[in-house]
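Student: Take a look at the following structure, please.
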Amino acid sequence: MKRLILPMLLISVAAQALTPAGAARIRLLESKMAPELKLPPMQRWDLSNGWHVILAEDHSLPLISAKMLLRVSTVFVPENKVGAAGMMTRLLRSGGTLATPPDQLDRELDQMAIRISDSISSESAEVTMGTMSRFAAPAFRHFFDIIFTPRFDVDRFDVIRRRRLDEIRRQNDVPAEIAQREFVQWLEGDSPWGRMPTRKSISNVDLDDIRSFYQTHFSRGEKWLVVTGDITRSQLETLLQPALPLDRTPVQRETLPQLHLPDSPGVRIVKKQATQAAIVVGHAGTDRYNPDKYALLVMNDILGGSPFTNRLMKAIRTERGLAYSVGSSFGFGPKEAPGLFTASAMTRAEKAGDVVGLIKEIITRMHNGDGITEAELQISKRAIMSSTLFDFAEPFNAASATARFSLYGYPEGYVQAFRRRIMQVTLADVQRVAKQYLHPDQLRILVVGDPKTLRSQLAPFGKVEMITPSQ
Amino acid sequence: MRFFAVLRMTSCLIFLLSSHRAFAQWELAKSVVEYKLPNGMVWLLVKRPTASVFAGAVEVKVGGVEEKSPHIGLAHMFEHMAFKGTREIGTTDYAKEAPILQKMLQVGDDWVKTGDKARFAELQGLQREARKYQVPNELFTLLIRNGARDVNAYTAKDATQYHSEMTSNQLALWLHLYAGMVGDPVLREFYAERDVVQEERRMRVENNPHGKAYQALLATAFTTSPYRHSGIGTSEEIAGLSMGEALAFHKAYYHPDRMVGALVGDINIPQARQLIAKTFGRLPATPSRREPIPEEPKQTALRRVSVHVDSAPFVIMGYHKPRIGTPEDYIFDVVHAVMCKGASSRLHYELVVEKKVAHSVACSSGIPGDRLDNLYYIEAFPIGGHSLAELQELIQEAFAHLAREGATSDELQKARNTLAATTLWEMNADDDLAELLVTYQMLTGDWRYVLTHAKHIEAVTNSDLKRVARDYLIPENLTIVTAEK
């Protein structure tokens, strides 16, 4: 059955700051239609060993990208060894494979300009590979070897351990980075979701911990293989043949612990010699399965998410020149752990109190639904609608997002449903979620900078606690 | 300097901008439609199968290179002003707003010169009056509500670039707005925006250890070249900028003969050409100011400087080298691939893996720009317990070794493959390709530089590497900045 696709008509917004001639010209030029989202063609199938494959062919350039996405979480690392999971994924690539020792692997990959990188978070891990298509065969061989037959070379482990310790030494060099990290620590630091690596926890990690995390957690994760670019399905199937026997570990779904976020307000100064204060203000967000997500996305766009056309930016940067960098984000976590709502800004140290006051006032006004307009709503909805077009324009991004949606357990056709839900958001929805999910009385206020300048400025917001950045 | 920063930025700003310019033969040569408007502006159009969206970029050959002390930071300041609207956008009644802006121009210039508080109060009063007709960020709003994404701009030493992506059905609007930004900007909220730029400087330079050291490197390595100045300006330099100077700067340099535009993605080429003619085509065909740019004299002895930072120690170094388009510049691309690109590159392998003395080492050819003679740049971060002196010696010795022995044939082949792959990846996304095209058209006068690059790299021999290392990668030609508490 052919589904009838109606072009999405976006309500025109009366321009506010145009001369009559300018407005007339803009009216002629603006198209009122939001284009339909057309996904790049993707093939999906499952392999005998349980991998889910997503392939998007694109022969416009002689390049291939691949990604293995795994359901695995850093939260299972023991408390005294936090950081072990990240060290493990780094050692996959740099520690060599059973077939190829690390020095040789480095040389071979560089020689063919094959790029391999890795990352791990509290919900998933990724190993990503990029190659020119003429090197597809060795690239895929090394890629699978790195994931399934890592050597975990002891000398390379030592390199990683030393580098990781040095990163802890360097993690307090830039105020904005301290602010983001210390804010998460403050709200989530007591749980496995928010624990951060320290000198001590990294020093505790040995090669057995790396192997143990790999075997017990990483290798048992459900796997999605994303491949895009200059490759056909039959070519890929040939390349997959030798890899399939490497992974026979049955998949094991682990239960994630619950995260309970505090709802009490607070004020903290993190000590740092700096002429500019880095400010983060916020509280708990929600989970990504919450049906209010769509209205919350629109609400946050209006508050501080959309570039420039948001309230925080207008008041703090444009009108008062108090900051270069300012904005907000509303985080959506897994069922077990809500994300965080945060508003951030950087301003000269002597204006930190003024900026915290403005942020608090703007969040409070939003919470009260003050003056949210149909125009703000329309701008935000159009911006979100079009951003999905860009998110899915490149085949690799589209296929990667498809894999991630599957990992999240979203239903088929999620992105189209997402677009419909965004279009359905009303002014009343935005007002309701602002009231329900923004809590001006629960805001935690964290400022990185010199306590001598900051302390008295922050006193009006509550009892000021003073800490040094974590090491 | 970008017009606005994405929150949660990483600390290393500069090294994402390293120059990538290799190329493997792709059909780009056939797909680029290149032409010049009667007013002198060059356009490069590429139709690609991307669904319903396109990327656009406009580059103006004006940057720090065009600035003269003490008016440093004007090019960047102007980039911020370009977003403030035009005579039709950002105002409800330009006829009433214009006389107020004219008064602000005089009072503001006077205040900047004299520092008179009464003049400042007067200026603030005028700004309040102007606000009656202004609605902030209208140009942005028009872009965002019509689906633009990654709306941003940056000012480099070599050029200023404005870019974004948009849905294809809004191409006419995009061209209208971007032509207005570069051709008909109105300097609204100039003095409030100067404060925003001061905050940007505090974030990028004053409170960023790396930014601080980088400024010291440029100021020490260069004595005469405009590359010696900070792109954003010092606190005093920014405080000395006036609306009058910004207007004069625009008048001198924002002409079509310095502009290049590119559109890449789901576009209809004949329709795009018509729309370009009606927008950018209407910019007057006036010539921009041309002035000789001072040449940097040859450095004759090692220069050292140390900066105080509230961070763990690191060292940054720069060797003088020739500008883009010279035979040596291609050879430096090969030097770079051999010495510093990838896990098996000489510096990474020796410092990080073998000797375990550095957390990391990174390099870039063409700092702080490519238009003029520039620097081959190296930064290295010691592992705790190892000194900056140790790192400097090892790095200098690695270049001395290159001068003596050259590279292996494997290393030369690796360089060719790496440079070819890098350019291919740069062309993968529409926005990257648009930026690649305008950048090399502006820098070299012909975007085909990216097509011929591979041929030049193929021709580089081991004796070329040794020669360049002997001539340039020597202590007399080096500046070292150490950054410590």
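Just remember, in the structure tokens the first chain shown is A, the second B, etc., residues are 1-based per chain, and ligands are 1-based in the order shown.
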Please list as a VMD selection string every residue within 12 Å of range 104-114 of chain B, counting only C-alpha atoms and excluding residues in the same chain fewer than 2 positions away.
Tutor: chain B and resid 97 to 102 116 to 130 186 to 192 194 236 to 248
Student: Give the strand (DSSP E) residues of range 44-211 of chain B, as assigned by DSSP on the backbone, as a ChimeraX atom specification.
Tutor: /B:44-47,53-60,149-155,160-167
Student: Could those selected residues go to a file with N, CA, C and O atoms, as a compact mmCIF listing (two decimals), in the first residue's frame?
Tutor:
```txt
# COMPACT_ATOMS: atom_id res chain seq x y z
N LEU B 44 31.79 28.56 -7.07
CA LEU B 44 32.07 27.15 -7.33
C LEU B 44 30.85 26.35 -6.91
O LEU B 44 30.46 26.39 -5.73
N LEU B 45 30.20 25.68 -7.87
CA LEU B 45 28.96 24.97 -7.57
C LEU B 45 29.12 23.48 -7.84
O LEU B 45 29.66 23.09 -8.87
N VAL B 46 28.65 22.66 -6.92
CA VAL B 46 28.73 21.21 -7.09
C VAL B 46 27.38 20.59 -6.74
O VAL B 46 26.88 20.76 -5.64
N LYS B 47 26.79 19.89 -7.72
CA LYS B 47 25.55 19.19 -7.44
C LYS B 47 25.89 17.78 -6.96
O LYS B 47 26.63 17.06 -7.61
N VAL B 53 19.12 18.94 0.96
CA VAL B 53 19.91 19.93 1.68
C VAL B 53 21.15 20.33 0.88
O VAL B 53 21.56 19.64 -0.04
N PHE B 54 21.70 21.49 1.25
CA PHE B 54 22.97 21.91 0.63
C PHE B 54 23.82 22.62 1.68
O PHE B 54 23.31 23.02 2.73
N ALA B 55 25.11 22.73 1.38
CA ALA B 55 26.01 23.50 2.23
C ALA B 55 26.50 24.70 1.42
O ALA B 55 26.78 24.57 0.23
N GLY B 56 26.59 25.85 2.07
CA GLY B 56 27.08 27.04 1.39
C GLY B 56 28.16 27.72 2.20
O GLY B 56 28.14 27.68 3.43
N ALA B 57 29.14 28.30 1.50
CA ALA B 57 30.20 29.03 2.19
C ALA B 57 30.58 30.25 1.36
O ALA B 57 30.60 30.20 0.13
N VAL B 58 30.83 31.35 2.05
CA VAL B 58 31.34 32.55 1.40
C VAL B 58 32.62 32.93 2.12
O VAL B 58 32.63 33.09 3.34
N GLU B 59 33.70 33.02 1.36
CA GLU B 59 34.98 33.37 1.98
C GLU B 59 35.44 34.73 1.43
O GLU B 59 35.36 34.98 0.24
N VAL B 60 35.89 35.57 2.34
CA VAL B 60 36.39 36.88 1.95
C VAL B 60 37.87 36.92 2.30
O VAL B 60 38.26 36.58 3.42
N ARG B 149 21.41 25.27 9.47
CA ARG B 149 22.09 24.57 10.52
C ARG B 149 23.58 24.88 10.47
O ARG B 149 24.11 25.18 9.40
N ASP B 150 24.24 24.77 11.63
CA ASP B 150 25.66 25.10 11.73
C ASP B 150 25.94 26.49 11.18
O ASP B 150 26.91 26.71 10.45
N VAL B 151 25.07 27.43 11.53
CA VAL B 151 25.28 28.81 11.10
C VAL B 151 26.48 29.33 11.89
O VAL B 151 26.42 29.41 13.11
N ASN B 152 27.55 29.64 11.20
CA ASN B 152 28.73 30.09 11.93
C ASN B 152 29.67 30.81 10.98
O ASN B 152 29.42 30.88 9.77
N ALA B 153 30.71 31.35 11.54
CA ALA B 153 31.71 32.05 10.75
C ALA B 153 33.00 31.98 11.50
O ALA B 153 33.01 31.74 12.70
N TYR B 154 34.11 32.13 10.81
CA TYR B 154 35.36 32.28 11.54
C TYR B 154 36.28 33.28 10.85
O TYR B 154 36.19 33.50 9.66
N THR B 155 37.12 33.87 11.66
CA THR B 155 38.11 34.79 11.14
C THR B 155 39.46 34.18 11.39
O THR B 155 39.79 33.85 12.52
N THR B 160 38.21 35.49 6.14
CA THR B 160 37.01 35.37 6.97
C THR B 160 36.01 34.52 6.21
O THR B 160 35.81 34.74 5.01
N GLN B 161 35.43 33.56 6.90
CA GLN B 161 34.51 32.67 6.20
C GLN B 161 33.16 32.61 6.91
O GLN B 161 33.10 32.54 8.13
N TYR B 162 32.09 32.68 6.13
CA TYR B 162 30.72 32.57 6.64
C TYR B 162 30.10 31.33 6.03
O TYR B 162 30.18 31.15 4.81
N HIS B 163 29.50 30.48 6.84
CA HIS B 163 28.94 29.27 6.25
C HIS B 163 27.76 28.71 7.04
O HIS B 163 27.58 29.03 8.22
N SER B 164 26.97 27.88 6.37
CA SER B 164 25.92 27.11 7.04
C SER B 164 25.39 26.08 6.06
O SER B 164 25.76 26.07 4.89
N GLU B 165 24.52 25.21 6.58
CA GLU B 165 23.82 24.28 5.71
C GLU B 165 22.35 24.67 5.75
O GLU B 165 21.88 25.25 6.73
N MET B 166 21.62 24.35 4.68
CA MET B 166 20.21 24.73 4.65
C MET B 166 19.43 23.76 3.78
O MET B 166 20.01 23.03 2.97
N THR B 167 18.11 23.75 3.96
CA THR B 167 17.30 22.89 3.10
C THR B 167 17.26 23.51 1.70
O THR B 167 17.25 24.73 1.54
```
Student: Which residues of range 393-464 of chain A sit at most 12 Å from range 58-76 of chain A, using only C-alpha atoms? Give each one's shortest atom pair and distance in Å (one decimal place), in chain and ascending residue order, as a tab-separated table.
Tutor:
```
residue	atom	partner	partner_atom	distance
A:Ala393	CA	A:Asp58	CA	11.9
A:Glu394	CA	A:Asp58	CA	9.5
A:Pro395	CA	A:Asp58	CA	7.3
A:Phe396	CA	A:Ser65	CA	7.0
A:Asn397	CA	A:Ser65	CA	10.3
A:Ala399	CA	A:Lys67	CA	9.6
A:Ser400	CA	A:Lys67	CA	7.7
A:Ala401	CA	A:Leu69	CA	10.7
A:Thr402	CA	A:Leu69	CA	11.1
A:Ala403	CA	A:Leu69	CA	7.5
A:Arg404	CA	A:Leu69	CA	7.8
A:Phe405	CA	A:Leu69	CA	11.3
A:Ser406	CA	A:Arg71	CA	10.5
A:Leu407	CA	A:Arg71	CA	7.0
A:Tyr408	CA	A:Arg71	CA	9.4
A:Gly409	CA	A:Arg71	CA	11.4
```
Student: Selection from above, N, CA and C atoms, as a compact mmCIF listing (two decimals), in the first residue's frame, can you write it?
Tutor:
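What follows is the written file part.txt:
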```txt
# COMPACT_ATOMS: atom_id res chain seq x y z
N ALA A 393 21.34 13.05 6.40
CA ALA A 393 21.75 13.29 5.01
C ALA A 393 22.93 12.41 4.62
N GLU A 394 23.93 12.28 5.48
CA GLU A 394 25.09 11.45 5.16
C GLU A 394 24.76 10.00 5.49
N PRO A 395 25.04 9.07 4.56
CA PRO A 395 24.69 7.67 4.82
C PRO A 395 25.28 7.12 6.13
N PHE A 396 26.52 7.50 6.46
CA PHE A 396 27.12 6.95 7.67
C PHE A 396 26.38 7.43 8.92
N ASN A 397 26.01 8.70 8.92
CA ASN A 397 25.26 9.22 10.07
C ASN A 397 23.89 8.57 10.17
N ALA A 399 22.95 5.59 9.02
CA ALA A 399 23.06 4.18 9.42
C ALA A 399 23.47 4.06 10.89
N SER A 400 24.37 4.94 11.34
CA SER A 400 24.78 4.91 12.75
C SER A 400 23.61 5.23 13.67
N ALA A 401 22.80 6.23 13.27
CA ALA A 401 21.65 6.59 14.09
C ALA A 401 20.65 5.44 14.13
N THR A 402 20.49 4.76 13.00
CA THR A 402 19.57 3.62 12.95
C THR A 402 20.01 2.54 13.94
N ALA A 403 21.32 2.28 13.98
CA ALA A 403 21.84 1.28 14.93
C ALA A 403 21.59 1.73 16.37
N ARG A 404 21.85 3.01 16.63
CA ARG A 404 21.68 3.51 17.99
C ARG A 404 20.21 3.43 18.42
N PHE A 405 19.30 3.78 17.52
CA PHE A 405 17.87 3.70 17.85
C PHE A 405 17.49 2.26 18.21
N SER A 406 18.10 1.31 17.50
CA SER A 406 17.83 -0.09 17.78
C SER A 406 18.37 -0.46 19.16
N LEU A 407 19.57 0.03 19.49
CA LEU A 407 20.15 -0.22 20.81
C LEU A 407 19.24 0.37 21.91
N TYR A 408 18.67 1.52 21.63
CA TYR A 408 17.77 2.15 22.60
C TYR A 408 16.42 1.43 22.68
N GLY A 409 16.16 0.54 21.75
CA GLY A 409 14.88 -0.16 21.76
C GLY A 409 13.74 0.66 21.16
```
Student: To one decimal place, how far is CA of Thr149 in chain A from CA of Leu347 in chain B in Å?
Tutor: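 Those two atoms sit 28.2 Å apart.
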Student: Determine, counting only C-alpha atoms, which protein, DNA and RNA residues have an atom within 9 Å of an atom of range 452-462 of chain A; residues of the same chain fewer than 2 positions away are not included. Present the result as a PyMOL selection string.
Tutor: chain A and resi 265-269+277+349-354+356-357+445+447-450+464+466
Student: Only N, CA and C atoms, please: the residues just picked out, written as an mmCIF file, in the first residue's frame.
Tutor:
```
data_model
loop_
_atom_site.group_PDB
_atom_site.id
_atom_site.type_symbol
_atom_site.label_atom_id
_atom_site.label_comp_id
_atom_site.auth_asym_id
_atom_site.auth_seq_id
_atom_site.Cartn_x
_atom_site.Cartn_y
_atom_site.Cartn_z
ATOM 1 N N PRO A 265 18.707 22.186 46.373
ATOM 2 C CA PRO A 265 19.554 23.203 45.739
ATOM 3 C C PRO A 265 20.916 23.300 46.425
ATOM 4 N N GLY A 266 21.820 24.082 45.870
ATOM 5 C CA GLY A 266 23.138 24.268 46.478
ATOM 6 C C GLY A 266 23.965 25.247 45.667
ATOM 7 N N VAL A 267 25.023 25.748 46.300
ATOM 8 C CA VAL A 267 25.930 26.673 45.619
ATOM 9 C C VAL A 267 27.358 26.217 45.886
ATOM 10 N N ARG A 268 28.139 26.079 44.827
ATOM 11 C CA ARG A 268 29.514 25.619 44.973
ATOM 12 C C ARG A 268 30.471 26.481 44.170
ATOM 13 N N ILE A 269 31.620 26.762 44.797
ATOM 14 C CA ILE A 269 32.711 27.392 44.046
ATOM 15 C C ILE A 269 33.820 26.360 43.914
ATOM 16 N N ALA A 277 34.802 33.476 34.923
ATOM 17 C CA ALA A 277 34.127 32.432 35.696
ATOM 18 C C ALA A 277 33.371 31.506 34.753
ATOM 19 N N ALA A 349 34.962 37.497 35.765
ATOM 20 C CA ALA A 349 34.767 37.074 37.154
ATOM 21 C C ALA A 349 33.868 38.020 37.942
ATOM 22 N N GLU A 350 34.011 39.319 37.723
ATOM 23 C CA GLU A 350 33.257 40.271 38.547
ATOM 24 C C GLU A 350 31.778 40.346 38.165
ATOM 25 N N LYS A 351 31.383 39.662 37.108
ATOM 26 C CA LYS A 351 29.970 39.675 36.699
ATOM 27 C C LYS A 351 29.291 38.316 36.956
ATOM 28 N N ALA A 352 29.997 37.390 37.592
ATOM 29 C CA ALA A 352 29.451 36.036 37.763
ATOM 30 C C ALA A 352 28.105 36.057 38.484
ATOM 31 N N GLY A 353 27.985 36.860 39.545
ATOM 32 C CA GLY A 353 26.736 36.939 40.302
ATOM 33 C C GLY A 353 25.591 37.428 39.417
ATOM 34 N N ASP A 354 25.858 38.475 38.628
ATOM 35 C CA ASP A 354 24.824 39.010 37.731
ATOM 36 C C ASP A 354 24.350 37.939 36.754
ATOM 37 N N VAL A 356 24.593 34.582 37.023
ATOM 38 C CA VAL A 356 23.835 33.537 37.716
ATOM 39 C C VAL A 356 22.410 34.034 37.978
ATOM 40 N N GLY A 357 22.290 35.273 38.402
ATOM 41 C CA GLY A 357 20.968 35.856 38.664
ATOM 42 C C GLY A 357 20.098 35.867 37.409
ATOM 43 N N ILE A 445 24.031 25.427 41.708
ATOM 44 C CA ILE A 445 24.798 26.474 41.033
ATOM 45 C C ILE A 445 26.278 26.207 41.264
ATOM 46 N N VAL A 447 30.238 27.371 40.144
ATOM 47 C CA VAL A 447 31.052 28.370 39.455
ATOM 48 C C VAL A 447 32.526 28.058 39.670
ATOM 49 N N VAL A 448 33.281 28.007 38.582
ATOM 50 C CA VAL A 448 34.723 27.789 38.672
ATOM 51 C C VAL A 448 35.413 29.140 38.580
ATOM 52 N N GLY A 449 36.289 29.432 39.548
ATOM 53 C CA GLY A 449 37.012 30.697 39.495
ATOM 54 C C GLY A 449 37.653 31.019 40.826
ATOM 55 N N ASP A 450 38.020 32.292 40.972
ATOM 56 C CA ASP A 450 38.719 32.742 42.159
ATOM 57 C C ASP A 450 37.719 33.065 43.291
ATOM 58 N N VAL A 464 27.383 29.075 50.484
ATOM 59 C CA VAL A 464 28.399 28.767 49.481
ATOM 60 C C VAL A 464 29.388 27.726 50.005
ATOM 61 N N MET A 466 32.879 25.493 49.265
ATOM 62 C CA MET A 466 34.108 25.737 48.501
ATOM 63 C C MET A 466 34.828 24.413 48.291
#
```
Student: Hey, what's within 10 Å of Ala400 in chain B if we count only C-alpha atoms and toss same-chain stuff fewer than 2 positions away? As a list in words, please?
Tutor: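 Here the qualifying residues turn out to be Leu394, Ile395, Gln396, Glu397, Ala398, Leu402, Ala403, Arg404, Glu405, Gly406, Lys466, Ala469, Arg470, Leu473, Ile474 and Pro475 of chain B.
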Student: Let's have the selection written as a short mmCIF file (atom, residue, chain, number, x, y, z; two decimals), in the first residue's frame, with C-alpha atoms.
Tutor:
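Result file result_31.cif:
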```cif
data_model
loop_
_atom_site.label_atom_id
_atom_site.label_comp_id
_atom_site.auth_asym_id
_atom_site.auth_seq_id
_atom_site.Cartn_x
_atom_site.Cartn_y
_atom_site.Cartn_z
CA LEU B 394 64.44 14.83 21.34
CA ILE B 395 62.30 16.75 18.86
CA GLN B 396 65.25 18.75 17.54
CA GLU B 397 67.32 15.60 17.24
CA ALA B 398 64.52 13.87 15.30
CA LEU B 402 65.76 13.57 9.05
CA ALA B 403 68.29 16.04 7.62
CA ARG B 404 71.05 13.43 7.76
CA GLU B 405 69.23 10.27 6.71
CA GLY B 406 65.97 11.31 5.07
CA LYS B 466 66.87 16.10 3.45
CA ALA B 469 65.25 19.61 6.78
CA ARG B 470 68.80 21.03 6.36
CA LEU B 473 64.37 22.47 10.42
CA ILE B 474 67.43 23.86 12.17
CA PRO B 475 67.88 25.66 15.50
#
```
Student: Excluding Ile457 in chain B and any residue of its chain fewer than 6 positions from it, enumerate the residues within 9 Å of it, using only C-alpha atoms, and give them as a PDB file with N, CA, C and O atoms, in the first residue's frame.
Tutor:
```pdb
ATOM      1  N   ALA B  22      45.795  16.998   0.297  1.00  0.00           N
ATOM      2  CA  ALA B  22      46.151  16.018  -0.714  1.00  0.00           C
ATOM      3  C   ALA B  22      44.924  15.720  -1.553  1.00  0.00           C
ATOM      4  O   ALA B  22      43.847  16.198  -1.269  1.00  0.00           O
ATOM      5  N   TYR B 330      55.004  21.883  -0.459  1.00  0.00           N
ATOM      6  CA  TYR B 330      54.586  20.492  -0.723  1.00  0.00           C
ATOM      7  C   TYR B 330      55.485  19.521   0.036  1.00  0.00           C
ATOM      8  O   TYR B 330      55.033  18.519   0.585  1.00  0.00           O
ATOM      9  N   ILE B 331      56.778  19.825   0.037  1.00  0.00           N
ATOM     10  CA  ILE B 331      57.725  18.928   0.720  1.00  0.00           C
ATOM     11  C   ILE B 331      57.414  18.887   2.219  1.00  0.00           C
ATOM     12  O   ILE B 331      57.493  17.835   2.850  1.00  0.00           O
ATOM     13  N   ASP B 333      54.532  19.055   3.490  1.00  0.00           N
ATOM     14  CA  ASP B 333      53.388  18.149   3.702  1.00  0.00           C
ATOM     15  C   ASP B 333      53.879  16.721   3.889  1.00  0.00           C
ATOM     16  O   ASP B 333      53.330  15.958   4.694  1.00  0.00           O
ATOM     17  N   VAL B 334      54.930  16.351   3.141  1.00  0.00           N
ATOM     18  CA  VAL B 334      55.494  15.009   3.282  1.00  0.00           C
ATOM     19  C   VAL B 334      56.252  14.895   4.612  1.00  0.00           C
ATOM     20  O   VAL B 334      56.120  13.900   5.329  1.00  0.00           O
ATOM     21  N   ALA B 415      53.229   8.549   3.323  1.00  0.00           N
ATOM     22  CA  ALA B 415      52.871   9.965   3.169  1.00  0.00           C
ATOM     23  C   ALA B 415      51.901  10.146   2.005  1.00  0.00           C
ATOM     24  O   ALA B 415      50.900  10.858   2.115  1.00  0.00           O
ATOM     25  N   ARG B 416      52.181   9.479   0.898  1.00  0.00           N
ATOM     26  CA  ARG B 416      51.297   9.613  -0.281  1.00  0.00           C
ATOM     27  C   ARG B 416      49.893   9.103   0.039  1.00  0.00           C
ATOM     28  O   ARG B 416      48.899   9.762  -0.275  1.00  0.00           O
ATOM     29  N   LEU B 419      48.078  11.447   2.620  1.00  0.00           N
ATOM     30  CA  LEU B 419      47.628  12.729   2.084  1.00  0.00           C
ATOM     31  C   LEU B 419      46.463  12.531   1.122  1.00  0.00           C
ATOM     32  O   LEU B 419      45.523  13.325   1.089  1.00  0.00           O
TER      33      LEU B 419
END
```
Student: So how many Å separate CA of Asp195 in chain B and CA of Glu376 in chain A, to one decimal?
Tutor: 26.7 Å
Student: Rounded to one decimal in Å, what is the spacing between CA of Pro197 in chain A and CA of Asp209 in chain A?
Tutor: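 Distance reported for this atom pair: 14.6 Å.
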Student: For a quick check of understanding, using only C-alpha atoms, which of B:His210, B:Arg448, B:Lys298, B:Arg87 has the smallest distance to Asp310 in chain B?
Tutor: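 Residue with the minimum atom-to-atom distance to Asp310 in chain B: B:His210.
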Student: For Asp429 in chain A, work out the shell of residues within 12 Å, counting only C-alpha atoms and skipping chain neighbours fewer than 6 positions away, then give it as an mmCIF file with C-alpha atoms, in the first residue's frame.
Tutor:
```
data_model
loop_
_atom_site.group_PDB
_atom_site.id
_atom_site.type_symbol
_atom_site.label_atom_id
_atom_site.label_comp_id
_atom_site.auth_asym_id
_atom_site.auth_seq_id
_atom_site.Cartn_x
_atom_site.Cartn_y
_atom_site.Cartn_z
ATOM 1 C CA PRO A 291 6.416 11.042 25.978
ATOM 2 C CA ASP A 292 7.075 14.635 27.068
ATOM 3 C CA LYS A 293 10.487 14.495 25.346
ATOM 4 C CA TYR A 294 9.208 16.301 22.245
ATOM 5 C CA ALA A 295 7.749 19.226 24.130
ATOM 6 C CA LEU A 296 10.860 19.369 26.311
ATOM 7 C CA LEU A 297 13.108 19.596 23.257
ATOM 8 C CA VAL A 298 11.081 22.524 21.961
ATOM 9 C CA MET A 299 11.015 24.125 25.425
ATOM 10 C CA GLY A 369 5.262 30.191 31.261
ATOM 11 C CA ILE A 372 6.120 32.042 25.574
ATOM 12 C CA GLU A 374 3.638 31.115 19.091
ATOM 13 C CA LEU A 377 7.358 27.773 19.224
ATOM 14 C CA ARG A 421 5.513 14.272 17.345
ATOM 15 C CA ILE A 422 7.569 17.455 17.100
ATOM 16 C CA MET A 423 4.992 18.962 14.721
ATOM 17 C CA LYS A 435 6.168 23.977 34.753
ATOM 18 C CA GLN A 436 6.636 20.274 35.387
ATOM 19 C CA TYR A 437 10.311 19.747 34.548
#
```
Student: Fewer than 3 positions away in the same chain doesn't count, so skip those; otherwise give me all residues within 7 Å of Phe330 in chain A, counting only C-alpha atoms, as an MDAnalysis selection string.
Tutor: chainID A and resid 285 300 340:342
